[in-house]
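Participant: Have a look at the structure that comes next, please.
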Amino acid sequence: MTASETALEGKQGYAAAFGGAHGLDAAIENLGRTWHLLSSGIAVKPYPSCALTHSAIDALIDLRAEHRLSAGEVAGVQVAVNPVVPDVLAHARPTTALERKFSMQFCAAAALAEGRVDFASFTGGEVANRETRELMERVAMVVDPGLPQGVDQHAWTRVTVRLRDGRTLATEARGARGHPDTPLSDAALREKFLGCARSVLSPDEADGVAEQIGHLEDIPDIRALTSRLEGNLD
């Protein structure tokens, strides 16, 4: 495995991420006494890309469905973001699957062109969908100081879509689905699980595991579940 040489102490490193505004010493002061899982709630990422892309993906998928948009109708897309976002989503013209996970241009284009962003969106090589490739060139990410500035709102976006017929479609500032304030439905959670599990388990086995997890309290021996959680990772 490879990683940044400044993964611990760098600007986007471990200490900065978990140390908070008052540094790592303050963060570890309450270890064992403050349980962030309980206080902050559980967030589930519906898309396999950086969480900073998710609000825009949601908004564009919604606009696409509501107005029955096709990629060819779109003259341009503007995604307004918090000032912290450009340092993270640094790949306007991604060349690898990993870079596409940190590219607002790619994720926004895929959401509009295909109506989905999932595992299949991040395969290696060139972007397979021609409409997505072309639409990426018409996506702009801009910093908007008017967006909420709270730490929990750094991932909020405001999306504007200009159509070739002169219409403009826009969304209000919004967060992403999957946050504790806007949790995914049971159906969406199951879809997310199956999308992951079916990459290593057969469809029938993945469905069976999902059913067991949904009734975890009724399993007399947890080995009945864990024995099924093995797939071919080759």
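Naming scheme: A, B, ... for chains in displayed order of the structure tokens; residues 1 onward per chain; ligands 1 onward as shown.
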Give me the residues within 8 Å of Leu60 (chain A) as a list in words, counting only C-alpha atoms and dropping any in the same chain fewer than 6 places off.
Facilitator: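 The residues satisfying every condition are Ala108, Ala111, Leu112 and Val159 of chain A.
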Participant: Could you write out, as a list of chain:residue names, all the residues of region 27-210 of chain A that DSSP marks as strand (DSSP E)?
Facilitator: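 The strand (DSSP E) subset of region 27-210 of chain A is A:Val74, A:Ala75, A:Gly76, A:Val77, A:Gln78, A:Val79, A:Ala80, A:Val81, A:Val139, A:Ala140, A:Met141, A:Val142, A:Val143, A:Arg158, A:Val159, A:Thr160, A:Val161, A:Arg162, A:Leu163, A:Thr168, A:Leu169, A:Ala170.
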Participant: Please produce an output containing N, CA and C atoms for each residue in the selection, written as a short mmCIF file (atom, residue, chain, number, x, y, z; two decimals), in the first residue's frame.
Facilitator:
data_model
loop_
_atom_site.label_atom_id
_atom_site.label_comp_id
_atom_site.auth_asym_id
_atom_site.auth_seq_id
_atom_site.Cartn_x
_atom_site.Cartn_y
_atom_site.Cartn_z
N VAL A 74 -27.49 19.97 -21.59
CA VAL A 74 -26.82 20.77 -20.57
C VAL A 74 -25.71 21.62 -21.20
N ALA A 75 -25.83 22.93 -21.04
CA ALA A 75 -24.78 23.83 -21.54
C ALA A 75 -23.66 24.00 -20.52
N GLY A 76 -24.00 23.94 -19.25
CA GLY A 76 -22.97 24.10 -18.22
C GLY A 76 -23.52 23.81 -16.84
N VAL A 77 -22.63 23.43 -15.94
CA VAL A 77 -22.99 23.15 -14.56
C VAL A 77 -22.04 23.91 -13.64
N GLN A 78 -22.59 24.58 -12.67
CA GLN A 78 -21.76 25.25 -11.66
C GLN A 78 -22.10 24.65 -10.29
N VAL A 79 -21.06 24.19 -9.60
CA VAL A 79 -21.23 23.65 -8.26
C VAL A 79 -20.53 24.59 -7.29
N ALA A 80 -21.31 25.27 -6.45
CA ALA A 80 -20.76 26.17 -5.45
C ALA A 80 -20.41 25.37 -4.20
N VAL A 81 -19.20 25.59 -3.68
CA VAL A 81 -18.69 24.77 -2.57
C VAL A 81 -18.10 25.65 -1.47
N VAL A 139 -18.39 21.40 -16.48
CA VAL A 139 -18.66 21.49 -15.03
C VAL A 139 -17.61 22.41 -14.40
N ALA A 140 -18.07 23.40 -13.66
CA ALA A 140 -17.17 24.33 -12.95
C ALA A 140 -17.47 24.26 -11.45
N MET A 141 -16.43 24.24 -10.66
CA MET A 141 -16.56 24.27 -9.20
C MET A 141 -16.07 25.63 -8.72
N VAL A 142 -16.91 26.33 -7.96
CA VAL A 142 -16.56 27.68 -7.50
C VAL A 142 -16.79 27.78 -6.00
N VAL A 143 -15.94 28.54 -5.34
CA VAL A 143 -16.09 28.76 -3.90
C VAL A 143 -17.18 29.80 -3.66
N ARG A 158 -24.31 24.22 -3.55
CA ARG A 158 -25.43 24.85 -4.25
C ARG A 158 -25.18 24.62 -5.74
N VAL A 159 -26.13 24.02 -6.44
CA VAL A 159 -25.92 23.60 -7.83
C VAL A 159 -26.78 24.41 -8.79
N THR A 160 -26.17 24.84 -9.91
CA THR A 160 -26.89 25.54 -10.96
C THR A 160 -26.60 24.85 -12.30
N VAL A 161 -27.66 24.54 -13.03
CA VAL A 161 -27.52 23.88 -14.34
C VAL A 161 -28.10 24.80 -15.41
N ARG A 162 -27.28 25.16 -16.39
CA ARG A 162 -27.74 25.97 -17.53
C ARG A 162 -28.04 25.04 -18.70
N LEU A 163 -29.22 25.18 -19.27
CA LEU A 163 -29.62 24.34 -20.39
C LEU A 163 -29.45 25.09 -21.71
N THR A 168 -32.51 27.93 -16.72
CA THR A 168 -31.55 27.69 -15.64
C THR A 168 -32.26 26.96 -14.51
N LEU A 169 -31.69 25.86 -14.07
CA LEU A 169 -32.23 25.09 -12.96
C LEU A 169 -31.26 25.18 -11.80
N ALA A 170 -31.77 25.44 -10.61
CA ALA A 170 -30.88 25.62 -9.46
C ALA A 170 -31.46 24.96 -8.22
#
Participant: For a test of reading the model, state the distance in Å between CA of Leu189 (chain A) and CA of Ala110 (chain A), rounded to one decimal.
Facilitator: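 Separation between CA of Leu189 (chain A) and CA of Ala110 (chain A): 21.2 Å.
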Participant: A:Arg93, A:Arg116, A:Arg33, A:Arg138: which is nearest Ile57 (chain A), counting only C-alpha atoms?
Facilitator: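 Going through A:Arg93, A:Arg116, A:Arg33, A:Arg138 one by one, the smallest distance to Ile57 (chain A) is for A:Arg116.
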Participant: Any idea what's packed within 12 Å of Glu211 (chain A), counting only C-alpha atoms, ignoring anything in its chain fewer than 6 positions away? Could you give it as a PyMOL selection string?
Facilitator: chain A and resi 186+190+193-194+204-205+217-219+225
Participant: With N, CA and C atoms retained, write the just-selected residues as a compact mmCIF listing (two decimals), in the first residue's frame.
Facilitator:
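Written file, again_5.txt:
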# COMPACT_ATOMS: atom_id res chain seq x y z
N ASP A 186 -34.31 2.59 4.88
CA ASP A 186 -33.93 1.18 4.97
C ASP A 186 -33.68 0.60 3.58
N ARG A 190 -30.13 -0.92 2.21
CA ARG A 190 -30.03 -2.27 1.66
C ARG A 190 -29.40 -2.23 0.26
N PHE A 193 -25.70 -1.71 0.65
CA PHE A 193 -25.05 -2.94 1.09
C PHE A 193 -24.91 -3.93 -0.06
N LEU A 194 -25.98 -4.13 -0.80
CA LEU A 194 -25.94 -5.10 -1.89
C LEU A 194 -24.96 -4.65 -2.98
N ASP A 204 -27.47 -14.19 -4.68
CA ASP A 204 -28.30 -14.89 -3.69
C ASP A 204 -27.69 -14.84 -2.30
N GLU A 205 -26.35 -15.03 -2.24
CA GLU A 205 -25.68 -15.02 -0.94
C GLU A 205 -25.73 -13.62 -0.34
N GLU A 217 -30.71 -9.39 15.76
CA GLU A 217 -31.05 -9.77 17.13
C GLU A 217 -31.65 -11.17 17.23
N ASP A 218 -32.05 -11.74 16.09
CA ASP A 218 -32.67 -13.06 16.10
C ASP A 218 -31.69 -14.18 15.80
N ILE A 219 -30.42 -13.85 15.54
CA ILE A 219 -29.43 -14.89 15.22
C ILE A 219 -28.88 -15.48 16.51
N LEU A 225 -23.80 -15.97 10.69
CA LEU A 225 -23.62 -14.83 9.78
C LEU A 225 -22.18 -14.73 9.30
Participant: Got a sec: who's within 9 Å of region 48-52 of chain A, counting only C-alpha atoms, leaving out chain neighbours fewer than 6 positions off, as a list in words?
Facilitator: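 Final neighbour list, sorted by chain and number: Val81, Val85, Val88, Leu89, Leu98, Arg100, Lys101, Phe102, Ser103, Met104, Cys107, Val117, Asp118, Phe119, Ser121, Phe122, His154, Ala155, Trp156, Thr157 and Ala176 of chain A.
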Participant: Given the choices A:Gln105, A:Arg198, A:Gln212, A:Leu24, which gets closest to Leu8 (chain A) if the distance is worked out from only C-alpha atoms?
Facilitator: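 Selected residue with least distance to Leu8 (chain A): A:Leu24.
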Participant: Excluding same-chain residues fewer than 2 positions from Leu201 (chain A), what lies within 10 Å of it counting only C-alpha atoms, as a list in words?
Facilitator: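 In the requested format, the answer is Leu194, Cys196, Ala197, Arg198, Ser199, Pro203, Asp204, Glu205, Ala206, Asp207, Val209, Arg228, Leu229, Glu230, Gly231, Asn232 and Leu233 of chain A.
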Participant: In terms of the shortest atom-to-atom distance over only C-alpha atoms, which of A:Asp144, A:Thr95, A:Thr53, A:Gln153 is closest to Thr123 (chain A)?
Facilitator: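 For Thr123 (chain A), the nearest of the given residues is A:Thr95.
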Participant: Could you tell me which of A:Gly72, A:Pro86, A:Gly13, A:Gly150 comes closest to Arg133 (chain A) if we count only C-alpha atoms?
Facilitator: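 Looking only at the distances to Arg133 (chain A), the closest residue turns out to be A:Gly72.
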Participant: Looking at A:Ala16, A:Ala26, A:Ile61, A:Ala188, which one is nearest to Pro46 (chain A), with distances taken over only C-alpha atoms?
Facilitator: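 Among the listed residues, the smallest separation from Pro46 (chain A) belongs to A:Ala188.
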Participant: At a cut-off of 8 Å, using only C-alpha atoms, what residues contact Arg64 (chain A)? Leave out same-chain residues fewer than 5 positions from it and give the result as a list of chain:residue names.
Facilitator: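 With the cut-off at 8 Å, the set is A:Leu69, A:Ser70, A:Leu112, A:Gly115.
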Participant: Using the selection just defined, write its residues with C-alpha atoms as a short mmCIF file (atom, residue, chain, number, x, y, z; two decimals), in the first residue's frame.
Facilitator:
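Output below, filename selection06.cif:
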data_model
loop_
_atom_site.label_atom_id
_atom_site.label_comp_id
_atom_site.auth_asym_id
_atom_site.auth_seq_id
_atom_site.Cartn_x
_atom_site.Cartn_y
_atom_site.Cartn_z
CA LEU A 69 -32.63 15.86 -18.49
CA SER A 70 -30.17 14.39 -20.94
CA LEU A 112 -26.18 14.04 -14.78
CA GLY A 115 -28.22 9.17 -13.18
#
Participant: Can you list, as a ChimeraX atom specification, all residues belonging to region 37-80 of chain A that DSSP tags as alpha helix (DSSP H)?
Facilitator: /A:37-40,54-67
Participant: Residues of the last selection are to be written out with C-alpha atoms, as a PDB file, in the first residue's frame.
Facilitator:
ATOM      1  CA  LEU A  37     -20.293   7.848  17.752  1.00  0.00           C
ATOM      2  CA  LEU A  38     -23.156   8.647  20.109  1.00  0.00           C
ATOM      3  CA  SER A  39     -22.884  12.432  19.986  1.00  0.00           C
ATOM      4  CA  SER A  40     -22.393  12.893  16.248  1.00  0.00           C
ATOM      5  CA  HIS A  54     -22.231  13.767  -2.379  1.00  0.00           C
ATOM      6  CA  SER A  55     -24.436  16.822  -1.970  1.00  0.00           C
ATOM      7  CA  ALA A  56     -23.900  17.799  -5.608  1.00  0.00           C
ATOM      8  CA  ILE A  57     -24.467  14.222  -6.785  1.00  0.00           C
ATOM      9  CA  ASP A  58     -27.775  14.114  -4.907  1.00  0.00           C
ATOM     10  CA  ALA A  59     -28.869  17.471  -6.319  1.00  0.00           C
ATOM     11  CA  LEU A  60     -27.973  16.603  -9.917  1.00  0.00           C
ATOM     12  CA  ILE A  61     -29.602  13.163  -9.809  1.00  0.00           C
ATOM     13  CA  ASP A  62     -32.743  14.824  -8.440  1.00  0.00           C
ATOM     14  CA  LEU A  63     -32.715  17.529 -11.151  1.00  0.00           C
ATOM     15  CA  ARG A  64     -32.123  14.922 -13.846  1.00  0.00           C
ATOM     16  CA  ALA A  65     -35.120  12.880 -12.705  1.00  0.00           C
ATOM     17  CA  GLU A  66     -37.429  15.839 -12.079  1.00  0.00           C
ATOM     18  CA  HIS A  67     -36.780  17.506 -15.449  1.00  0.00           C
TER      19      HIS A  67
END
Participant: Using only C-alpha atoms, which residue out of A:Lys192, A:Ser4, A:His22, A:Asn82 lies closest to Arg174 (chain A)?
Facilitator: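 Closest candidate: A:Asn82.
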